[in-house]
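Structure file work37.pdb (PDB, C-alpha atoms) is printed below.
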ATOM      1  CA  MET A 213       3.666 -17.753  43.553
ATOM      2  CA  VAL A 214       7.228 -16.628  42.769
ATOM      3  CA  LEU A 215       7.057 -18.183  39.303
ATOM      4  CA  ALA A 216       3.634 -16.661  38.580
ATOM      5  CA  SER A 217       4.783 -13.186  39.560
ATOM      6  CA  SER A 218       7.898 -13.445  37.403
ATOM      7  CA  LEU A 219       6.013 -14.308  34.207
ATOM      8  CA  PRO A 220       4.533 -10.813  33.538
ATOM      9  CA  ALA A 221       7.919  -9.206  34.144
ATOM     10  CA  MET A 222       9.646 -11.623  31.760
ATOM     11  CA  ALA A 223       6.965 -11.073  29.111
ATOM     12  CA  GLN A 224       7.207  -7.314  29.439
ATOM     13  CA  ARG A 225      10.993  -7.467  29.232
ATOM     14  CA  GLU A 226      10.707  -9.432  25.975
ATOM     15  CA  THR A 227       8.283  -6.820  24.642
ATOM     16  CA  THR A 228      10.671  -4.025  25.525
ATOM     17  CA  ARG A 229      13.659  -5.887  24.120
ATOM     18  CA  GLY A 230      11.777  -6.426  20.853
ATOM     19  CA  ALA A 231      10.829  -2.739  20.693
ATOM     20  CA  LEU A 232      14.462  -1.713  21.205
ATOM     21  CA  SER A 233      15.462  -4.045  18.371
ATOM     22  CA  ARG A 234      12.886  -2.399  16.085
ATOM     23  CA  LEU A 235      14.265   0.974  17.161
ATOM     24  CA  GLU A 236      17.770  -0.072  16.128
ATOM     25  CA  GLU A 237      16.378  -1.018  12.723
ATOM     26  CA  ALA A 238      14.220   2.094  12.234
ATOM     27  CA  LEU A 239      16.702   4.845  13.143
ATOM     28  CA  PRO A 240      19.432   3.799  10.655
ATOM     29  CA  ARG A 241      16.776   3.708   7.911
ATOM     30  CA  ARG A 242      15.776   7.259   8.802
ATOM     31  CA  LEU A 243      19.418   8.302   8.542
ATOM     32  CA  ASN A 244      19.911   6.484   5.219
ATOM     33  CA  ASP A 245      16.680   7.851   3.746
ATOM     34  CA  GLY A 246      17.606  11.420   4.628
ATOM     35  CA  VAL A 247      14.715  11.911   7.055
ATOM     36  CA  LEU A 248      17.217  12.559   9.834
ATOM     37  CA  ALA A 249      20.775  13.842   9.456
ATOM     38  CA  LEU A 250      23.515  12.572  11.762
ATOM     39  CA  LYS A 251      25.025  16.069  11.973
ATOM     40  CA  ASP A 252      21.689  17.295  13.359
ATOM     41  CA  LEU A 253      21.713  14.669  16.124
ATOM     42  CA  THR A 254      25.226  14.331  17.520
ATOM     43  CA  PRO A 255      26.609  14.913  20.045
ATOM     44  CA  ALA A 256      23.333  13.851  21.649
ATOM     45  CA  LEU A 257      22.287  14.366  25.243
ATOM     46  CA  VAL A 258      20.478  11.361  26.722
ATOM     47  CA  VAL A 259      17.882  13.067  28.910
ATOM     48  CA  SER A 260      15.664  10.197  30.033
ATOM     49  CA  THR A 261      15.595   6.394  29.990
ATOM     50  CA  LEU A 262      12.648   5.931  32.318
ATOM     51  CA  PRO A 263      11.468   2.348  32.994
ATOM     52  CA  ALA A 264       7.736   1.646  33.178
ATOM     53  CA  PHE A 265       7.876  -1.260  35.655
ATOM     54  CA  GLU A 266       9.563  -1.946  38.934
ATOM     55  CA  GLN A 267      10.883  -5.230  37.516
ATOM     56  CA  THR A 268      12.704  -3.437  34.676
ATOM     57  CA  ARG A 269      14.097  -0.573  36.754
ATOM     58  CA  ALA A 270      17.588  -2.034  36.976
ATOM     59  CA  TRP A 271      17.670  -3.455  33.439
ATOM     60  CA  TYR A 272      15.987  -0.971  31.116
ATOM     61  CA  PRO A 273      18.230   2.154  31.398
ATOM     62  CA  ALA A 274      21.341   0.212  30.425
ATOM     63  CA  ALA A 275      19.490  -1.595  27.609
ATOM     64  CA  ALA A 276      18.161   1.698  26.222
ATOM     65  CA  VAL A 277      21.585   3.361  26.208
ATOM     66  CA  THR A 278      23.084   0.251  24.593
ATOM     67  CA  ALA A 279      20.513   0.410  21.782
ATOM     68  CA  LEU A 280      21.242   4.099  21.178
ATOM     69  CA  SER A 281      24.986   3.444  21.209
ATOM     70  CA  ARG A 282      24.628   0.853  18.463
ATOM     71  CA  VAL A 283      22.902   3.421  16.266
ATOM     72  CA  PHE A 284      24.865   6.610  16.963
ATOM     73  CA  GLY A 285      28.096   5.228  18.395
ATOM     74  CA  ALA A 286      29.211   5.448  22.010
ATOM     75  CA  GLY A 287      31.245   8.609  21.397
ATOM     76  CA  ALA A 288      28.209  10.471  20.091
ATOM     77  CA  LEU A 289      26.155  10.150  23.291
ATOM     78  CA  ARG A 290      26.383  12.162  26.473
ATOM     79  CA  ALA A 291      24.653  11.172  29.716
ATOM     80  CA  CYS A 292      22.764  13.790  31.690
ATOM     81  CA  GLU A 293      22.360  12.478  35.210
ATOM     82  CA  ALA A 294      21.054  15.819  36.448
ATOM     83  CA  CYS A 295      18.309  15.717  33.824
ATOM     84  CA  MET A 296      16.844  12.580  35.390
ATOM     85  CA  ALA A 297      16.869  13.884  38.971
ATOM     86  CA  GLN A 298      14.629  16.335  40.754
ATOM     87  CA  ARG A 299      15.995  19.878  40.930
ATOM     88  CA  LEU A 300      16.488  21.558  44.291
ATOM     89  CA  THR A 301      17.255  25.281  44.484
ATOM     90  CA  VAL A 302      18.299  26.900  47.767
ATOM     91  CA  GLU A 303      18.392  30.682  48.089
ATOM     92  CA  ASP A 304      18.212  33.156  50.949
ATOM     93  CA  GLY A 305      14.928  32.410  52.684
ATOM     94  CA  ARG A 306      13.736  30.255  49.796
ATOM     95  CA  LEU A 307      13.798  26.492  49.049
ATOM     96  CA  GLU A 308      12.397  25.286  45.712
ATOM     97  CA  GLN A 309      12.065  21.682  44.450
ATOM     98  CA  VAL A 310      11.010  21.111  40.849
ATOM     99  CA  ALA A 311      10.093  17.665  39.521
ATOM    100  CA  THR A 312       8.581  18.658  36.141
ATOM    101  CA  SER A 313      10.159  18.090  32.737
ATOM    102  CA  LEU A 314      13.138  20.187  31.788
ATOM    103  CA  SER A 315      12.837  22.912  29.176
ATOM    104  CA  VAL A 316      15.207  23.238  26.224
ATOM    105  CA  GLN A 317      16.921  26.161  27.985
ATOM    106  CA  ASP A 318      17.436  24.019  31.093
ATOM    107  CA  LEU A 319      18.984  21.236  29.002
ATOM    108  CA  VAL A 320      21.355  23.658  27.290
ATOM    109  CA  ARG A 321      22.402  25.099  30.671
ATOM    110  CA  LEU A 322      22.996  21.660  32.186
ATOM    111  CA  ASP A 323      24.997  20.631  29.134
ATOM    112  CA  GLU A 324      27.221  23.687  29.517
ATOM    113  CA  LEU A 325      27.838  22.834  33.170
ATOM    114  CA  THR A 326      28.853  19.215  32.487
ATOM    115  CA  ARG A 327      30.505  19.047  29.043
ATOM    116  CA  GLY A 328      33.675  20.882  29.982
ATOM    117  CA  GLY A 329      35.737  21.602  26.880
ATOM    118  CA  SER A 330      33.828  19.227  24.619
ATOM    119  CA  ALA A 331      31.506  20.293  21.836
ATOM    120  CA  ARG A 332      28.042  21.294  22.933
ATOM    121  CA  SER A 333      25.198  18.844  22.494
ATOM    122  CA  VAL A 334      23.133  19.277  19.362
ATOM    123  CA  SER A 335      20.097  17.197  20.290
ATOM    124  CA  ALA A 336      18.362  15.683  23.303
ATOM    125  CA  ILE A 337      16.943  12.152  23.387
ATOM    126  CA  TRP A 338      14.137  10.768  25.535
ATOM    127  CA  LEU A 339      13.812   6.977  25.296
ATOM    128  CA  ASP A 340      11.289   5.757  27.870
ATOM    129  CA  GLU A 341       9.683   2.375  28.359
ATOM    130  CA  THR A 342       5.914   2.036  27.846
ATOM    131  CA  MET A 343       3.326  -0.695  28.278
ATOM    132  CA  GLU A 344       3.549  -1.599  24.575
ATOM    133  CA  GLY A 345       7.270  -1.030  24.007
ATOM    134  CA  VAL A 346       9.259   2.197  24.012
ATOM    135  CA  ALA A 347       8.639   5.861  23.240
ATOM    136  CA  ILE A 348      11.398   7.961  21.649
ATOM    137  CA  ARG A 349      11.581  11.709  21.248
ATOM    138  CA  ILE A 350      14.491  13.646  19.731
ATOM    139  CA  VAL A 351      14.612  17.453  19.984
ATOM    140  CA  ASP A 352      17.055  19.890  18.391
ATOM    141  CA  LEU A 353      18.632  21.915  21.234
ATOM    142  CA  ARG A 354      19.534  24.781  18.900
ATOM    143  CA  ASN A 355      15.961  25.752  18.065
ATOM    144  CA  GLY A 356      13.678  23.376  19.994
ATOM    145  CA  ARG A 357      12.508  21.646  16.798
ATOM    146  CA  ILE A 358      11.142  18.121  17.269
ATOM    147  CA  LEU A 359      13.128  15.863  14.956
ATOM    148  CA  LEU A 360      11.440  12.572  15.825
ATOM    149  CA  ALA A 361       8.603  11.420  18.079
ATOM    150  CA  GLU A 362       7.297   7.852  17.866
ATOM    151  CA  ASN A 363       5.920   4.987  19.910
ATOM    152  CA  ILE A 364       7.598   1.723  18.904
ATOM    153  CA  ASP A 365       6.458  -1.789  19.724
ATOM    154  CA  PRO A 366       7.869  -5.144  18.567
ATOM    155  CA  ASN A 367       5.331  -5.393  15.725
ATOM    156  CA  LEU A 368       5.472  -1.685  14.774
ATOM    157  CA  THR A 369       1.704  -1.544  15.230
ATOM    158  CA  SER A 370       1.601   2.168  15.978
ATOM    159  CA  VAL A 371       3.782   2.976  12.961
ATOM    160  CA  ILE A 372       1.519   0.919  10.696
ATOM    161  CA  GLU A 373      -1.616   2.596  12.065
ATOM    162  CA  SER A 374      -0.046   6.041  11.592
ATOM    163  CA  ARG A 375       0.871   5.128   8.034
ATOM    164  CA  LYS A 376      -2.738   4.091   7.361
ATOM    165  CA  THR A 377      -3.996   7.416   8.701
ATOM    166  CA  VAL A 378      -1.562   9.364   6.531
ATOM    167  CA  SER A 379      -2.499   7.279   3.482
ATOM    168  CA  GLN A 380      -6.200   7.942   4.069
ATOM    169  CA  ALA A 381      -5.562  11.679   4.369
ATOM    170  CA  GLU A 382      -3.520  11.695   1.154
ATOM    171  CA  GLU A 383      -6.271   9.724  -0.604
ATOM    172  CA  LEU A 384      -8.951  12.217   0.485
ATOM    173  CA  GLU A 385      -6.804  15.101  -0.758
ATOM    174  CA  ARG A 386      -6.299  13.319  -4.092
ATOM    175  CA  ARG A 387     -10.048  12.839  -4.506
ATOM    176  CA  ALA A 388     -10.700  16.484  -3.607
ATOM    177  CA  ARG A 389      -8.259  17.590  -6.331
ATOM    178  CA  GLY A 390      -9.911  15.220  -8.813
ATOM    179  CA  ASP A 391      -6.632  13.501  -9.672
ATOM    180  CA  SER A 392      -6.862  10.074 -11.271
ATOM    181  CA  LEU A 393      -4.936   6.993 -10.227
ATOM    182  CA  THR A 394      -3.251   4.862 -12.882
ATOM    183  CA  HIS A 395      -3.069   1.053 -12.698
ATOM    184  CA  LEU A 396      -1.353  -1.584 -14.800
ATOM    185  CA  PHE A 397      -2.949  -5.039 -14.796
ATOM    186  CA  VAL A 398      -1.574  -8.171 -16.449
ATOM    187  CA  ASP A 399      -4.229 -10.846 -16.993
ATOM    188  CA  LEU A 400      -2.987 -14.426 -17.399
ATOM    189  CA  GLY A 401      -5.985 -16.652 -18.086
ATOM    190  CA  LEU A 402      -4.515 -20.039 -19.060
ATOM    191  CA  LEU A 403      -7.113 -22.756 -18.398
ATOM    192  CA  PRO A 404      -9.062 -24.301 -20.048
ATOM    193  CA  GLN A 405      -8.350 -21.817 -22.851
ATOM    194  CA  GLN A 406      -6.259 -18.676 -22.936
ATOM    195  CA  HIS A 407      -6.692 -14.958 -22.531
ATOM    196  CA  VAL A 408      -3.519 -12.887 -21.986
ATOM    197  CA  SER A 409      -3.670  -9.100 -21.933
ATOM    198  CA  LEU A 410      -2.295  -5.890 -20.409
ATOM    199  CA  ASP A 411      -4.620  -3.135 -19.176
ATOM    200  CA  TRP A 412      -3.730   0.498 -18.442
ATOM    201  CA  LEU A 413      -6.626   1.812 -16.377
ATOM    202  CA  GLU A 414      -7.502   5.053 -14.623
ATOM    203  CA  GLN A 415      -9.359   4.803 -11.305
ATOM    204  CA  TRP A 416     -11.869   7.610 -10.944
ATOM    205  CA  GLY A 417     -15.234   8.660  -9.578
ATOM    206  CA  PRO A 418     -16.363  10.043  -6.202
ATOM    207  CA  ASP A 419     -16.154   6.574  -4.657
ATOM    208  CA  ASN A 420     -13.123   5.407  -6.688
ATOM    209  CA  ALA A 421     -15.183   2.484  -7.982
ATOM    210  CA  ASN A 422     -14.640   3.016 -11.718
ATOM    211  CA  LEU A 423     -11.699   1.760 -13.794
ATOM    212  CA  SER A 424     -11.400   2.608 -17.475
ATOM    213  CA  GLY A 425      -8.631   2.763 -20.025
ATOM    214  CA  PHE A 426      -6.816   0.908 -22.788
ATOM    215  CA  SER A 427      -6.211  -2.803 -23.222
ATOM    216  CA  LEU A 428      -3.617  -4.689 -25.277
ATOM    217  CA  SER A 429      -4.252  -8.403 -25.738
ATOM    218  CA  VAL A 430      -1.685 -11.037 -26.642
ATOM    219  CA  VAL A 431      -4.093 -13.971 -26.916
ATOM    220  CA  ASP A 432      -7.864 -13.789 -27.531
ATOM    221  CA  PRO A 433      -7.566 -11.897 -29.738
ATOM    222  CA  PHE A 434      -4.010 -12.052 -31.030
ATOM    223  CA  ALA A 435      -2.375  -8.576 -31.018
ATOM    224  CA  GLY A 436      -5.636  -6.879 -30.100
ATOM    225  CA  LEU A 437      -6.003  -3.242 -29.133
ATOM    226  CA  GLY A 438      -9.043  -1.683 -27.507
ATOM    227  CA  VAL A 439     -10.735  -0.209 -24.457
ATOM    228  CA  ALA A 440     -11.757  -1.624 -21.089
ATOM    229  CA  TYR A 441     -14.094  -0.670 -18.251
ATOM    230  CA  PHE A 442     -14.497  -2.215 -14.786
ATOM    231  CA  ARG A 443     -16.664  -1.481 -11.779
ATOM    232  CA  VAL A 444     -15.401  -2.268  -8.281
ATOM    233  CA  ILE A 445     -17.894  -3.789  -5.816
ATOM    234  CA  PRO A 446     -16.468  -3.148  -2.303
ATOM    235  CA  ILE A 447     -19.048  -5.265  -0.457
ATOM    236  CA  ALA A 448     -18.010  -8.286  -2.568
ATOM    237  CA  PHE A 449     -14.340  -8.219  -1.472
ATOM    238  CA  ASN A 450     -13.541  -5.501  -4.053
ATOM    239  CA  LEU A 451     -14.620  -7.716  -6.934
ATOM    240  CA  MET A 452     -14.036  -6.040 -10.323
ATOM    241  CA  VAL A 453     -16.735  -6.675 -12.952
ATOM    242  CA  GLY A 454     -16.148  -5.392 -16.454
ATOM    243  CA  ALA A 455     -15.543  -5.943 -20.130
ATOM    244  CA  LYS A 456     -13.121  -5.194 -22.949
ATOM    245  CA  PHE A 457     -13.794  -4.345 -26.570
ATOM    246  CA  LEU A 458     -10.780  -5.266 -28.723
ATOM    247  CA  LEU A 459      -9.795  -4.878 -32.369
ATOM    248  CA  SER A 460      -7.499  -7.541 -33.847
ATOM    249  CA  VAL A 461      -4.769  -5.461 -35.506
ATOM    250  CA  PRO A 462      -3.433  -8.224 -37.869
ATOM    251  CA  ILE A 463      -6.914  -8.994 -39.165
ATOM    252  CA  ALA A 464      -7.642  -5.284 -39.610
ATOM    253  CA  VAL A 465      -4.434  -4.869 -41.629
ATOM    254  CA  VAL A 466      -5.215  -7.871 -43.825
ATOM    255  CA  ASN A 467      -8.771  -6.660 -44.408
ATOM    256  CA  ALA A 468      -7.478  -3.198 -45.293
ATOM    257  CA  PHE A 469      -5.362  -4.584 -48.163
ATOM    258  CA  THR A 470      -7.709  -7.397 -49.235
ATOM    259  CA  PRO A 471     -11.213  -6.232 -48.339
ATOM    260  CA  ASP A 472     -12.849  -8.834 -50.553
ATOM    261  CA  THR A 473     -11.180 -11.783 -48.766
ATOM    262  CA  PRO A 474     -11.615 -11.311 -45.009
ATOM    263  CA  MET A 475      -9.266 -13.508 -43.066
ATOM    264  CA  GLY A 476      -9.430 -14.911 -39.549
ATOM    265  CA  LEU A 477      -6.273 -15.398 -37.483
ATOM    266  CA  LEU A 478      -6.145 -18.149 -34.858
ATOM    267  CA  GLY A 479      -9.923 -18.278 -34.919
ATOM    268  CA  ASP A 480     -10.222 -14.586 -33.921
ATOM    269  CA  SER A 481     -12.817 -12.131 -35.167
ATOM    270  CA  LEU A 482     -12.120  -8.605 -36.291
ATOM    271  CA  PHE A 483     -13.837  -7.325 -33.140
ATOM    272  CA  THR A 484     -13.801  -9.261 -29.881
ATOM    273  CA  GLY A 485     -15.717  -8.611 -26.684
ATOM    274  CA  VAL A 486     -14.397 -10.065 -23.423
ATOM    275  CA  ALA A 487     -16.400 -10.170 -20.185
ATOM    276  CA  MET A 488     -14.181 -10.415 -17.104
ATOM    277  CA  LEU A 489     -14.186 -10.837 -13.328
ATOM    278  CA  ARG A 490     -11.225 -10.028 -11.067
ATOM    279  CA  LEU A 491     -11.169 -10.986  -7.394
ATOM    280  CA  PRO A 492      -8.214  -9.478  -5.457
ATOM    281  CA  LEU A 493      -6.476 -11.872  -3.093
ATOM    282  CA  PHE A 494      -6.466 -10.176   0.331
ATOM    283  CA  LYS A 495      -3.982  -7.271   0.381
ATOM    284  CA  THR A 496      -1.571  -8.698  -2.193
ATOM    285  CA  ASN A 497      -0.907  -7.557  -5.766
ATOM    286  CA  TYR A 498      -2.558 -10.684  -7.143
ATOM    287  CA  ALA A 499      -6.127 -11.488  -8.158
ATOM    288  CA  LEU A 500      -8.071 -14.411  -9.521
ATOM    289  CA  VAL A 501      -9.381 -13.701 -13.014
ATOM    290  CA  ALA A 502     -12.063 -15.341 -15.166
ATOM    291  CA  SER A 503     -13.007 -14.356 -18.713
ATOM    292  CA  VAL A 504     -15.310 -15.352 -21.548
ATOM    293  CA  SER A 505     -15.003 -13.883 -25.044
ATOM    294  CA  THR A 506     -17.157 -13.654 -28.139
ATOM    295  CA  ASN A 507     -14.614 -15.961 -29.801
ATOM    296  CA  GLY A 508     -16.012 -18.735 -27.609
ATOM    297  CA  ARG A 509     -13.006 -18.953 -25.291
ATOM    298  CA  VAL A 510     -13.294 -19.343 -21.529
ATOM    299  CA  ALA A 511     -10.221 -18.778 -19.376
ATOM    300  CA  VAL A 512      -9.424 -18.844 -15.659
ATOM    301  CA  GLY A 513      -6.104 -17.744 -14.178
ATOM    302  CA  ILE A 514      -4.332 -15.046 -12.218
ATOM    303  CA  SER A 515      -4.003 -11.306 -12.637
ATOM    304  CA  LEU A 516      -0.984  -9.220 -11.601
ATOM    305  CA  LEU A 517      -2.081  -5.874 -10.200
ATOM    306  CA  ASN A 518       0.178  -2.854 -10.772
ATOM    307  CA  PHE A 519       2.909  -4.996 -12.250
ATOM    308  CA  SER A 520       5.858  -2.855 -13.397
ATOM    309  CA  LEU A 521       7.561  -3.894 -16.623
ATOM    310  CA  LEU A 522      10.428  -1.481 -15.941
ATOM    311  CA  PRO A 523      10.715  -1.230 -12.146
ATOM    312  CA  PHE A 524      13.729   1.120 -12.341
ATOM    313  CA  LEU A 525      11.558   3.799 -13.951
ATOM    314  CA  PRO A 526       9.081   5.919 -11.932
TER
END

What does the file become when written as structure tokens?
Amino acid sequence: MVLASSLPAMAQRETTRGALSRLEEALPRRLNDGVLALKDLTPALVVSTLPAFEQTRAWYPAAAVTALSRVFGAGALRACEACMAQRLTVEDGRLEQVATSLSVQDLVRLDELTRGGSARSVSAIWLDETMEGVAIRIVDLRNGRILLAENIDPNLTSVIESRKTVSQAEELERRARGDSLTHLFVDLGLLPQQHVSLDWLEQWGPDNANLSGFSLSVVDPFAGLGVAYFRVIPIAFNLMVGAKFLLSVPIAVVNAFTPDTPMGLLGDSLFTGVAMLRLPLFKTNYALVASVSTNGRVAVGISLLNFSLLPFLP
């Protein structure tokens, strides 16, 4: 019975410890990315480190302060013991006990009573334990502005879900504005024959299911330039069905200078049509590709989705 009762507490402690580790990773990134500024956070008043379980009551407060100290430095934190206790006010003929959360004005007043000659606290931090991990809230004491408020678990599930929601909202706004979305695809069909090309495509339409743009082929045809169109089928794992219509530039140049002696290059025709299928692989930037051209070439290979030739450029 003792062992069985200790297992949930140990599991929860591991969950909390993992969430604190993710917190130590996330806050420095916010500081480095400019989302938060260290001057806007320190000195910081630690208002609450409330445990969620009786088994973590003795362990969690120290672990939470340790995690914050690793991020901000021990000298940048200030403990507020009075903030975590119930307030009792005694006046003539009146006794008042308040157990609700402290206001920003209350925190500023308590900081003035306890800091002595030190600099006043700039921000207040709540870092409480939850069922899934920890919850952090940072508030600017100068104006009451919320600088950060997040629930953090070991797998950052809540952060990922929030990011999905924000991405969906941005996508709906983009569609409402009618803005297009540009893609760069690199098709590498190598077996049993070859088709190698680069496609610059715009994604458009009310359901974002259309892709059209320019295509530059390296093989099949050689040095070909033309247009491409694809239709996305969401119910078929976002399968892209489309075709390209390409002009072989070398053959066109030769025909322009010697119109009476048309010349084929590597078995290519002046105009080449290529029917293609692309099947994205899960949520990666890769897809399986299959093509068949009017030159009689069949190719199967891989496609690189949104591949950047110059990643240092926007």

(request) Extract, using only C-alpha atoms, all DNA, RNA and protein residues at most 8 Å from A:Val283, discarding same-chain residues fewer than 3 positions from it, and format them as a VMD selection string. (result) chain A and resid 236 239 to 240 279 to 280

(request) Could you list the residues chosen by the PyMOL selection byres ((chain A and resi 289-293) around 8) in this structure as a list in words? (result)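 The output of the PyMOL selection byres ((chain A and resi 289-293) around 8) on this file is Thr254, Pro255, Ala256, Leu257, Val258, Val259, Ser281, Phe284, Gly285, Ala286, Gly287, Ala288, Ala294, Cys295, Met296, Ala297, Leu322, Asp323 and Ser333 of chain A.
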
(message) I'd like the interatomic distance between atom CA of A:Lys251 and atom CA of A:Pro273, to a tenth of an Å.
(response)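 Atom-to-atom, atom CA of A:Lys251 to atom CA of A:Pro273, that is 24.8 Å.
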
(request) Report the distance between atom CA of A:Ala499 and atom CA of A:Ile514 in Å, rounded to one decimal place. (result)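 Spanning atom CA of A:Ala499 to atom CA of A:Ile514 is a straight-line distance of 5.7 Å.
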
(message) Between atom CA of A:Asn363 and atom CA of A:Ala275, what distance in Å does the model show, to one decimal?
(response)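 Computing it gives 16.9 Å between the two atoms.
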
(request) Rank nothing, just name the residue among A:Pro433, A:Pro366, A:Pro418, A:Pro492 nearest to A:Met452, using all atoms listed in the file. (result)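 Among the listed residues, A:Pro492 lies closest to A:Met452.
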
Evaluating the PyMOL selection byres ((chain A and resi 432) around 8) on the displayed file yields which residues, as a PDB file with C-alpha atoms, in the coordinates of the input?
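Writing done, so here's expr-v7.pdb:
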ATOM      1  CA  GLN A 406      -6.259 -18.676 -22.936  1.00  0.00           C
ATOM      2  CA  HIS A 407      -6.692 -14.958 -22.531  1.00  0.00           C
ATOM      3  CA  VAL A 408      -3.519 -12.887 -21.986  1.00  0.00           C
ATOM      4  CA  SER A 429      -4.252  -8.403 -25.738  1.00  0.00           C
ATOM      5  CA  VAL A 430      -1.685 -11.037 -26.642  1.00  0.00           C
ATOM      6  CA  VAL A 431      -4.093 -13.971 -26.916  1.00  0.00           C
ATOM      7  CA  PRO A 433      -7.566 -11.897 -29.738  1.00  0.00           C
ATOM      8  CA  PHE A 434      -4.010 -12.052 -31.030  1.00  0.00           C
ATOM      9  CA  GLY A 436      -5.636  -6.879 -30.100  1.00  0.00           C
ATOM     10  CA  ASP A 480     -10.222 -14.586 -33.921  1.00  0.00           C
ATOM     11  CA  THR A 484     -13.801  -9.261 -29.881  1.00  0.00           C
ATOM     12  CA  SER A 505     -15.003 -13.883 -25.044  1.00  0.00           C
ATOM     13  CA  ASN A 507     -14.614 -15.961 -29.801  1.00  0.00           C
ATOM     14  CA  ARG A 509     -13.006 -18.953 -25.291  1.00  0.00           C
TER      15      ARG A 509
END

The PyMOL selection byres ((chain A and resi 403) around 7) resolved against shown file, as a PDB file with C-alpha atoms, in the coordinates of the input:
ATOM      1  CA  GLY A 401      -5.985 -16.652 -18.086  1.00  0.00           C
ATOM      2  CA  LEU A 402      -4.515 -20.039 -19.060  1.00  0.00           C
ATOM      3  CA  PRO A 404      -9.062 -24.301 -20.048  1.00  0.00           C
ATOM      4  CA  GLN A 405      -8.350 -21.817 -22.851  1.00  0.00           C
ATOM      5  CA  GLN A 406      -6.259 -18.676 -22.936  1.00  0.00           C
ATOM      6  CA  ALA A 511     -10.221 -18.778 -19.376  1.00  0.00           C
ATOM      7  CA  VAL A 512      -9.424 -18.844 -15.659  1.00  0.00           C
ATOM      8  CA  GLY A 513      -6.104 -17.744 -14.178  1.00  0.00           C
TER       9      GLY A 513
END

(message) Using all atoms listed in the file, which protein or nucleic acid residues come within 9 Å of A:Leu262? Drop anything in the same chain fewer than 6 positions from it, and give the result as a PyMOL selection string.
(response) chain A and resi 269+272-273+296+338-342

(message) Neighbouring residues of A:Ser481 were defined as those with any atom within 9 Å, considering all atoms listed in the file; residues of the same chain fewer than 6 positions away were excluded. Please report them as a ChimeraX atom specification.
(response) /A:433,459-460,463,475,506-507

(request) Write out as a VMD selection string which residues come within 7 Å of A:Leu423 when counting all atoms listed in the file, dropping same-chain ones fewer than 5 positions away. (result) chain A and resid 413 to 416 441 to 443

(request) Choose the residue, out of A:Thr278, A:Gln267, A:Ser260, A:Ser409, that has the smallest atom-to-atom separation from A:Ile337; count all atoms listed in the file. (result) A:Ser260
